[in-house]
Structures are given as C-alpha cells and as structure tokens.
$ cat run.pdb   # PDB, C-alpha atoms
MODEL        1
ATOM      1  CA  MET A  29     -10.560 -15.220  29.333  1.00  0.00           C
ATOM      2  CA  ALA A  30      -7.165 -16.685  28.380  1.00  0.00           C
ATOM      3  CA  GLY A  31      -8.805 -18.533  25.491  1.00  0.00           C
ATOM      4  CA  ILE A  32     -10.135 -15.296  24.039  1.00  0.00           C
ATOM      5  CA  GLU A  33      -6.742 -13.617  24.429  1.00  0.00           C
ATOM      6  CA  ASP A  34      -5.033 -16.593  22.798  1.00  0.00           C
ATOM      7  CA  ASP A  35      -7.468 -16.407  19.893  1.00  0.00           C
ATOM      8  CA  ASP A  36      -6.969 -12.638  19.483  1.00  0.00           C
ATOM      9  CA  ARG A  37      -3.195 -13.071  19.545  1.00  0.00           C
ATOM     10  CA  ARG A  38      -3.373 -15.905  17.021  1.00  0.00           C
ATOM     11  CA  GLN A  39      -5.608 -13.830  14.750  1.00  0.00           C
ATOM     12  CA  LEU A  40      -3.401 -10.753  15.092  1.00  0.00           C
ATOM     13  CA  VAL A  41      -0.233 -12.696  14.288  1.00  0.00           C
ATOM     14  CA  ARG A  42      -1.938 -14.363  11.310  1.00  0.00           C
ATOM     15  CA  LEU A  43      -3.076 -11.003   9.960  1.00  0.00           C
ATOM     16  CA  LEU A  44       0.303  -9.371  10.533  1.00  0.00           C
ATOM     17  CA  ARG A  45       2.132 -12.206   8.802  1.00  0.00           C
ATOM     18  CA  GLY A  46      -0.203 -11.898   5.840  1.00  0.00           C
ATOM     19  CA  ALA A  47       0.159  -8.126   5.754  1.00  0.00           C
ATOM     20  CA  TYR A  48       3.941  -8.284   6.048  1.00  0.00           C
ATOM     21  CA  SER A  49       4.293 -10.584   3.056  1.00  0.00           C
ATOM     22  CA  GLY A  50       1.488  -8.863   1.181  1.00  0.00           C
ATOM     23  CA  GLU A  51       3.275  -5.533   1.500  1.00  0.00           C
ATOM     24  CA  LEU A  52       6.348  -7.129  -0.093  1.00  0.00           C
ATOM     25  CA  ALA A  53       4.317  -8.250  -3.103  1.00  0.00           C
ATOM     26  CA  ALA A  54       2.528  -4.908  -3.306  1.00  0.00           C
ATOM     27  CA  ALA A  55       5.725  -2.859  -3.148  1.00  0.00           C
ATOM     28  CA  TYR A  56       7.386  -4.826  -5.937  1.00  0.00           C
ATOM     29  CA  ALA A  57       4.201  -4.802  -8.023  1.00  0.00           C
ATOM     30  CA  TYR A  58       3.931  -1.031  -7.605  1.00  0.00           C
ATOM     31  CA  ARG A  59       7.564  -0.643  -8.604  1.00  0.00           C
ATOM     32  CA  GLY A  60       6.793  -2.260 -11.933  1.00  0.00           C
ATOM     33  CA  HIS A  61       3.472  -0.453 -12.127  1.00  0.00           C
ATOM     34  CA  TRP A  62       4.841   3.081 -11.796  1.00  0.00           C
ATOM     35  CA  LYS A  63       7.567   2.298 -14.289  1.00  0.00           C
ATOM     36  CA  SER A  64       4.938   1.147 -16.806  1.00  0.00           C
ATOM     37  CA  VAL A  65       2.658   4.205 -16.806  1.00  0.00           C
ATOM     38  CA  ARG A  66       3.211   7.169 -19.102  1.00  0.00           C
ATOM     39  CA  ARG A  67       1.647  10.088 -17.257  1.00  0.00           C
ATOM     40  CA  GLN A  68       4.143  11.741 -14.931  1.00  0.00           C
ATOM     41  CA  ALA A  69       1.567  12.463 -12.215  1.00  0.00           C
ATOM     42  CA  GLU A  70       0.535   8.780 -12.165  1.00  0.00           C
ATOM     43  CA  ARG A  71       4.163   7.672 -12.049  1.00  0.00           C
ATOM     44  CA  GLU A  72       4.837   9.920  -9.079  1.00  0.00           C
ATOM     45  CA  ARG A  73       1.724   8.892  -7.151  1.00  0.00           C
ATOM     46  CA  ILE A  74       2.242   5.178  -7.699  1.00  0.00           C
ATOM     47  CA  ARG A  75       5.894   5.536  -6.714  1.00  0.00           C
ATOM     48  CA  GLN A  76       4.761   7.270  -3.518  1.00  0.00           C
ATOM     49  CA  ILE A  77       2.342   4.396  -2.897  1.00  0.00           C
ATOM     50  CA  GLU A  78       5.231   1.948  -3.301  1.00  0.00           C
ATOM     51  CA  ASP A  79       7.199   3.900  -0.684  1.00  0.00           C
ATOM     52  CA  GLU A  80       4.236   3.806   1.699  1.00  0.00           C
ATOM     53  CA  GLU A  81       3.962   0.042   1.275  1.00  0.00           C
ATOM     54  CA  TRP A  82       7.613  -0.335   2.323  1.00  0.00           C
ATOM     55  CA  VAL A  83       6.921   1.802   5.404  1.00  0.00           C
ATOM     56  CA  HIS A  84       3.935  -0.381   6.292  1.00  0.00           C
ATOM     57  CA  ARG A  85       6.016  -3.524   5.863  1.00  0.00           C
ATOM     58  CA  ALA A  86       8.690  -2.206   8.208  1.00  0.00           C
ATOM     59  CA  ARG A  87       6.141  -1.268  10.876  1.00  0.00           C
ATOM     60  CA  VAL A  88       4.313  -4.591  10.610  1.00  0.00           C
ATOM     61  CA  GLY A  89       7.679  -6.354  10.905  1.00  0.00           C
ATOM     62  CA  GLU A  90       8.336  -4.455  14.137  1.00  0.00           C
ATOM     63  CA  MET A  91       4.952  -5.577  15.463  1.00  0.00           C
ATOM     64  CA  LEU A  92       5.668  -9.199  14.608  1.00  0.00           C
ATOM     65  CA  ALA A  93       9.020  -8.996  16.375  1.00  0.00           C
ATOM     66  CA  ALA A  94       7.394  -7.436  19.444  1.00  0.00           C
ATOM     67  CA  LEU A  95       4.982 -10.390  19.502  1.00  0.00           C
ATOM     68  CA  SER A  96       7.924 -12.816  19.163  1.00  0.00           C
ATOM     69  CA  ALA A  97       6.533 -13.945  15.834  1.00  0.00           C
ATOM     70  CA  ALA A  98       8.262 -14.188  12.493  1.00  0.00           C
ATOM     71  CA  PRO A  99       7.098 -13.991   8.895  1.00  0.00           C
ATOM     72  CA  THR A 100       6.368 -17.253   7.130  1.00  0.00           C
ATOM     73  CA  LYS A 101       9.356 -17.984   4.877  1.00  0.00           C
ATOM     74  CA  ILE A 102       7.419 -19.825   2.198  1.00  0.00           C
ATOM     75  CA  ARG A 103       4.829 -17.035   2.035  1.00  0.00           C
ATOM     76  CA  GLU A 104       7.625 -14.475   1.806  1.00  0.00           C
ATOM     77  CA  ALA A 105       9.115 -16.341  -1.147  1.00  0.00           C
ATOM     78  CA  ARG A 106       5.722 -16.635  -2.867  1.00  0.00           C
ATOM     79  CA  MET A 107       4.943 -12.958  -2.357  1.00  0.00           C
ATOM     80  CA  PHE A 108       8.382 -11.901  -3.600  1.00  0.00           C
ATOM     81  CA  VAL A 109       7.806 -13.834  -6.830  1.00  0.00           C
ATOM     82  CA  THR A 110       4.193 -12.642  -7.078  1.00  0.00           C
ATOM     83  CA  GLY A 111       5.188  -9.001  -6.710  1.00  0.00           C
ATOM     84  CA  ARG A 112       7.955  -9.280  -9.281  1.00  0.00           C
ATOM     85  CA  VAL A 113       5.722 -11.073 -11.781  1.00  0.00           C
ATOM     86  CA  LEU A 114       2.901  -8.569 -11.318  1.00  0.00           C
ATOM     87  CA  GLY A 115       5.325  -5.665 -11.648  1.00  0.00           C
ATOM     88  CA  PHE A 116       6.668  -7.090 -14.882  1.00  0.00           C
ATOM     89  CA  GLY A 117       3.152  -7.867 -16.087  1.00  0.00           C
ATOM     90  CA  CYS A 118       2.180  -4.204 -15.766  1.00  0.00           C
ATOM     91  CA  HIS A 119       4.401  -3.557 -18.782  1.00  0.00           C
ATOM     92  CA  LEU A 120       2.496  -6.137 -20.828  1.00  0.00           C
ATOM     93  CA  ILE A 121      -1.201  -5.856 -20.004  1.00  0.00           C
ATOM     94  CA  GLY A 122      -1.900  -2.198 -20.506  1.00  0.00           C
ATOM     95  CA  TRP A 123      -3.046   0.563 -18.221  1.00  0.00           C
ATOM     96  CA  PHE A 124      -6.506  -0.427 -16.938  1.00  0.00           C
ATOM     97  CA  LEU A 125      -5.978  -3.867 -15.346  1.00  0.00           C
ATOM     98  CA  PRO A 126      -3.081  -2.857 -13.072  1.00  0.00           C
ATOM     99  CA  MET A 127      -5.018   0.229 -11.954  1.00  0.00           C
ATOM    100  CA  TYR A 128      -8.206  -1.747 -11.346  1.00  0.00           C
ATOM    101  CA  PHE A 129      -6.624  -4.616  -9.443  1.00  0.00           C
ATOM    102  CA  ALA A 130      -4.430  -2.270  -7.398  1.00  0.00           C
ATOM    103  CA  GLY A 131      -7.575  -0.528  -6.189  1.00  0.00           C
ATOM    104  CA  ARG A 132      -9.316  -3.789  -5.454  1.00  0.00           C
ATOM    105  CA  LEU A 133      -6.295  -5.028  -3.498  1.00  0.00           C
ATOM    106  CA  GLU A 134      -6.073  -1.811  -1.502  1.00  0.00           C
ATOM    107  CA  SER A 135      -9.738  -2.205  -0.562  1.00  0.00           C
ATOM    108  CA  MET A 136      -8.975  -5.630   0.904  1.00  0.00           C
ATOM    109  CA  ASN A 137      -5.943  -4.219   2.744  1.00  0.00           C
ATOM    110  CA  VAL A 138      -8.101  -1.630   4.504  1.00  0.00           C
ATOM    111  CA  HIS A 139     -10.273  -4.388   5.940  1.00  0.00           C
ATOM    112  CA  GLU A 140      -7.238  -6.477   6.913  1.00  0.00           C
ATOM    113  CA  TYR A 141      -5.631  -3.622   8.850  1.00  0.00           C
ATOM    114  CA  GLU A 142      -8.908  -2.675  10.545  1.00  0.00           C
ATOM    115  CA  THR A 143      -9.395  -6.270  11.666  1.00  0.00           C
ATOM    116  CA  ALA A 144      -5.818  -6.427  12.961  1.00  0.00           C
ATOM    117  CA  ALA A 145      -6.415  -3.180  14.881  1.00  0.00           C
ATOM    118  CA  PHE A 146      -9.519  -4.720  16.455  1.00  0.00           C
ATOM    119  CA  HIS A 147      -7.529  -7.693  17.750  1.00  0.00           C
ATOM    120  CA  ALA A 148      -4.685  -5.448  18.915  1.00  0.00           C
ATOM    121  CA  ARG A 149      -7.133  -3.325  20.955  1.00  0.00           C
ATOM    122  CA  ARG A 150      -8.636  -6.440  22.540  1.00  0.00           C
ATOM    123  CA  LEU A 151      -5.123  -7.450  23.588  1.00  0.00           C
ATOM    124  CA  GLY A 152      -4.465  -4.036  25.126  1.00  0.00           C
ATOM    125  CA  LEU A 153      -1.960  -3.122  22.411  1.00  0.00           C
ATOM    126  CA  ALA A 154      -3.292   0.385  21.831  1.00  0.00           C
ATOM    127  CA  HIS A 155      -0.077   1.567  20.141  1.00  0.00           C
ATOM    128  CA  PHE A 156      -0.355  -1.272  17.606  1.00  0.00           C
ATOM    129  CA  ALA A 157      -4.024  -0.499  17.042  1.00  0.00           C
ATOM    130  CA  THR A 158      -3.294   3.175  16.422  1.00  0.00           C
ATOM    131  CA  ASP A 159      -0.586   2.333  13.881  1.00  0.00           C
ATOM    132  CA  LEU A 160      -2.782  -0.277  12.200  1.00  0.00           C
ATOM    133  CA  GLU A 161      -5.672   2.165  11.944  1.00  0.00           C
ATOM    134  CA  GLU A 162      -3.327   4.713  10.366  1.00  0.00           C
ATOM    135  CA  MET A 163      -2.158   2.083   7.873  1.00  0.00           C
ATOM    136  CA  ALA A 164      -5.810   1.306   7.080  1.00  0.00           C
ATOM    137  CA  ARG A 165      -6.397   5.008   6.460  1.00  0.00           C
ATOM    138  CA  VAL A 166      -3.412   5.230   4.090  1.00  0.00           C
ATOM    139  CA  GLU A 167      -4.485   2.070   2.261  1.00  0.00           C
ATOM    140  CA  GLY A 168      -7.929   3.680   1.946  1.00  0.00           C
ATOM    141  CA  GLU A 169      -6.301   6.699   0.294  1.00  0.00           C
ATOM    142  CA  HIS A 170      -4.603   4.332  -2.135  1.00  0.00           C
ATOM    143  CA  GLU A 171      -7.934   2.701  -2.924  1.00  0.00           C
ATOM    144  CA  ILE A 172      -9.567   6.076  -3.541  1.00  0.00           C
ATOM    145  CA  TYR A 173      -6.740   7.080  -5.874  1.00  0.00           C
ATOM    146  CA  PHE A 174      -7.116   3.947  -7.984  1.00  0.00           C
ATOM    147  CA  ARG A 175     -10.927   4.102  -7.863  1.00  0.00           C
ATOM    148  CA  ARG A 176     -10.906   7.663  -9.173  1.00  0.00           C
ATOM    149  CA  THR A 177      -8.322   6.800 -11.791  1.00  0.00           C
ATOM    150  CA  VAL A 178     -10.469   4.062 -13.365  1.00  0.00           C
ATOM    151  CA  ALA A 179     -13.875   5.601 -12.617  1.00  0.00           C
ATOM    152  CA  CYS A 180     -14.721   6.520 -16.214  1.00  0.00           C
ATOM    153  CA  HIS A 181     -13.031   3.622 -17.971  1.00  0.00           C
ATOM    154  CA  ARG A 182     -15.282   1.675 -20.328  1.00  0.00           C
ATOM    155  CA  CYS A 183     -14.205  -1.698 -18.847  1.00  0.00           C
ATOM    156  CA  LEU A 184     -15.115  -0.810 -15.266  1.00  0.00           C
ATOM    157  CA  PRO A 185     -18.751  -2.020 -15.370  1.00  0.00           C
ATOM    158  CA  LEU A 186     -17.732  -5.460 -16.667  1.00  0.00           C
ATOM    159  CA  MET A 187     -14.845  -5.813 -14.199  1.00  0.00           C
ATOM    160  CA  SER A 188     -17.125  -4.731 -11.355  1.00  0.00           C
ATOM    161  CA  LYS A 189     -19.585  -7.467 -12.272  1.00  0.00           C
ATOM    162  CA  LEU A 190     -16.837 -10.068 -12.526  1.00  0.00           C
ATOM    163  CA  PHE A 191     -14.770  -9.094  -9.488  1.00  0.00           C
ATOM    164  CA  GLY A 192     -17.107  -7.064  -7.293  1.00  0.00           C
ATOM    165  CA  TRP A 193     -15.200  -3.802  -6.875  1.00  0.00           C
ATOM    166  CA  SER A 194     -16.301  -0.589  -8.516  1.00  0.00           C
TER     167      SER A 194
ENDMDL
END

$ encode --input "run.pdb" --output "structure tokens"
Amino acid sequence: MAGIEDDDRRQLVRLLRGAYSGELAAAYAYRGHWKSVRRQAERERIRQIEDEEWVHRARVGEMLAALSAAPTKIREARMFVTGRVLGFGCHLIGWFLPMYFAGRLESMNVHEYETAAFHARRLGLAHFATDLEEMARVEGEHEIYFRRTVACHRCLPLMSKLFGWS
C-alpha cells in the first residue's frame, strides 16, 4: 500500500508544481490579454480571470508547502518569461488567437486540477481535493467564457482541426 501512496503523492506534487508555475504564466498572459482587448466587458472579464489565476496560484502554493514540496525554480523562470511574452504578444496577434488559446489552455487546466483532486482524495487529503475541484470548476467557467467568445469566429473550424479544441 505504501507504494501506491508514494505514487499518489509523487503525482500530486508533480501536478501541483505544474499548476503553480502554470498559473504564473497564465496570470501574466491574461494581464497582457485584457489590456489588449477593446471591448470593456471583455477587458473586465479577462481581468477577473487573471485575478482568479493569482488566487489559484496562492492556494496551490499553500498545498505544496503543506506537502513539504517547493516549486521548481527553472520552471518558474520559464513560466514567468512565457507569461510575459504571451501577454505582450496579445497586443500583436489580434483578437482571435489569444481568445482561442486561452480557452484551450483552460480546458487542459480543468483536467489537471481534476486529476490532482483524485490523487489528493486517495491520500486522504479531502480538503485539498475540495479546493482542487473548486479550482477545476472555476477553470471550466473560464473555458466556457472563451469558448462562447470565439464560437462564431470564421477561423474556429480550422483551428479546431489543427489543435483539437472547439
């Protein structure tokens, strides 16, 4: 049984480290994203999404600390740069691509948080699992927002064929 617990802990820590750094990239990308859009309602919603990503990062950081685990420094540096570059890029590449890829990313985040919750439950960390499931729900709301935003765009069918999210 210890082997299974060790594997669940390893998987949970791996997922939390990825989520922690991923939230950093996402928050900075969304900061650039909301500053690049023209419609006030979109600006406000994307800014709110940025704020929610910071909240998720803080909570995931608390979970890592409780597990006596730390973020990976090199991944943190890469995600910091990635988020800043993506945020800047939103000003250059138009409206559709940032909206599309934000939705696609949020879809992946839902799965990541659900999987982390699964491992947390197997370890008896019900409070982690509850928080992770709530984060998955919020990420799902983000995905729905971006999905609805691009739903009628003429480029969506091609992007869906290329990248598999529609």

$ closest_residue --input "run.pdb" --among "A:Gly89, A:Gly31, A:Gly122, A:Gly111" --to "Ala54 of chain A" --atoms "all atoms listed in the file"
A:Gly111

$ residues_around --input "run.pdb" --residues "Phe129 of chain A" --least-positions-apart "4" --cutoff "10 Å" --atoms "all atoms listed in the file" --output "PyMOL selection string"
chain A and resi 124-125+133-135+171+174-175+187+191+193

$ atom_distance --input "run.pdb" --atom1 "atom CA of His84 of chain A" --atom2 "atom CA of Tyr48 of chain A"
7.9 Å

$ resolve_selection --input "run.pdb" --expression "the PyMOL selection byres ((chain A and resi 153) around 12)" --output "number ranges by chain"
A: 33, 36-37, 40, 91, 94-95, 144-152, 154-160

$ residues_around --input "run.pdb" --residues "Val113 of chain A" --least-positions-apart "6" --cutoff "10 Å" --atoms "only C-alpha atoms" --output "ChimeraX atom specification"
/A:53,56-57,60,107

$ closest_residue --input "run.pdb" --among "A:Glu104, A:Leu92, A:Asp79, A:Lys63" --to "Gly117 of chain A" --atoms "only C-alpha atoms"
A:Lys63

$ closest_residue --input "run.pdb" --among "A:Glu140, A:Glu161, A:Met127, A:Arg132" --to "Gln39 of chain A" --atoms "all atoms listed in the file"
A:Glu140

$ atom_distance --input "run.pdb" --atom1 "atom CA of Glu142 of chain A" --atom2 "atom CA of Ala55 of chain A"
20.0 Å

$ residues_around --input "run.pdb" --residues "segment 72-77 of chain A" --least-positions-apart "2" --cutoff "12 Å" --atoms "only C-alpha atoms" --output "PyMOL selection string"
chain A and resi 51+54-70+79-84+115+126-127+130-131+134+163+166-171+173-174+177

$ atom_distance --input "run.pdb" --atom1 "atom CA of Phe108 of chain A" --atom2 "atom CA of Ser96 of chain A"
22.8 Å

$ closest_residue --input "run.pdb" --among "A:Ser49, A:Leu184, A:Ile32, A:Arg38" --to "Arg103 of chain A" --atoms "all atoms listed in the file"
A:Ser49

$ closest_residue --input "run.pdb" --among "A:Ile172, A:Leu190, A:Val41, A:Cys183" --to "Pro99 of chain A" --atoms "only C-alpha atoms"
A:Val41

$ closest_residue --input "run.pdb" --among "A:Arg176, A:Arg45, A:His139, A:Arg165" --to "Ala86 of chain A" --atoms "all atoms listed in the file"
A:Arg45

$ axis_aligned_box --input "run.pdb" --around "segment 42-56 of chain A" --padding-each-side "4 Å" --output "lines of an AutoDock Vina configuration file"
center_x = 2.2
center_y = -8.6
center_z = 2.7
size_x = 18.5
size_y = 19.5
size_z = 25.2
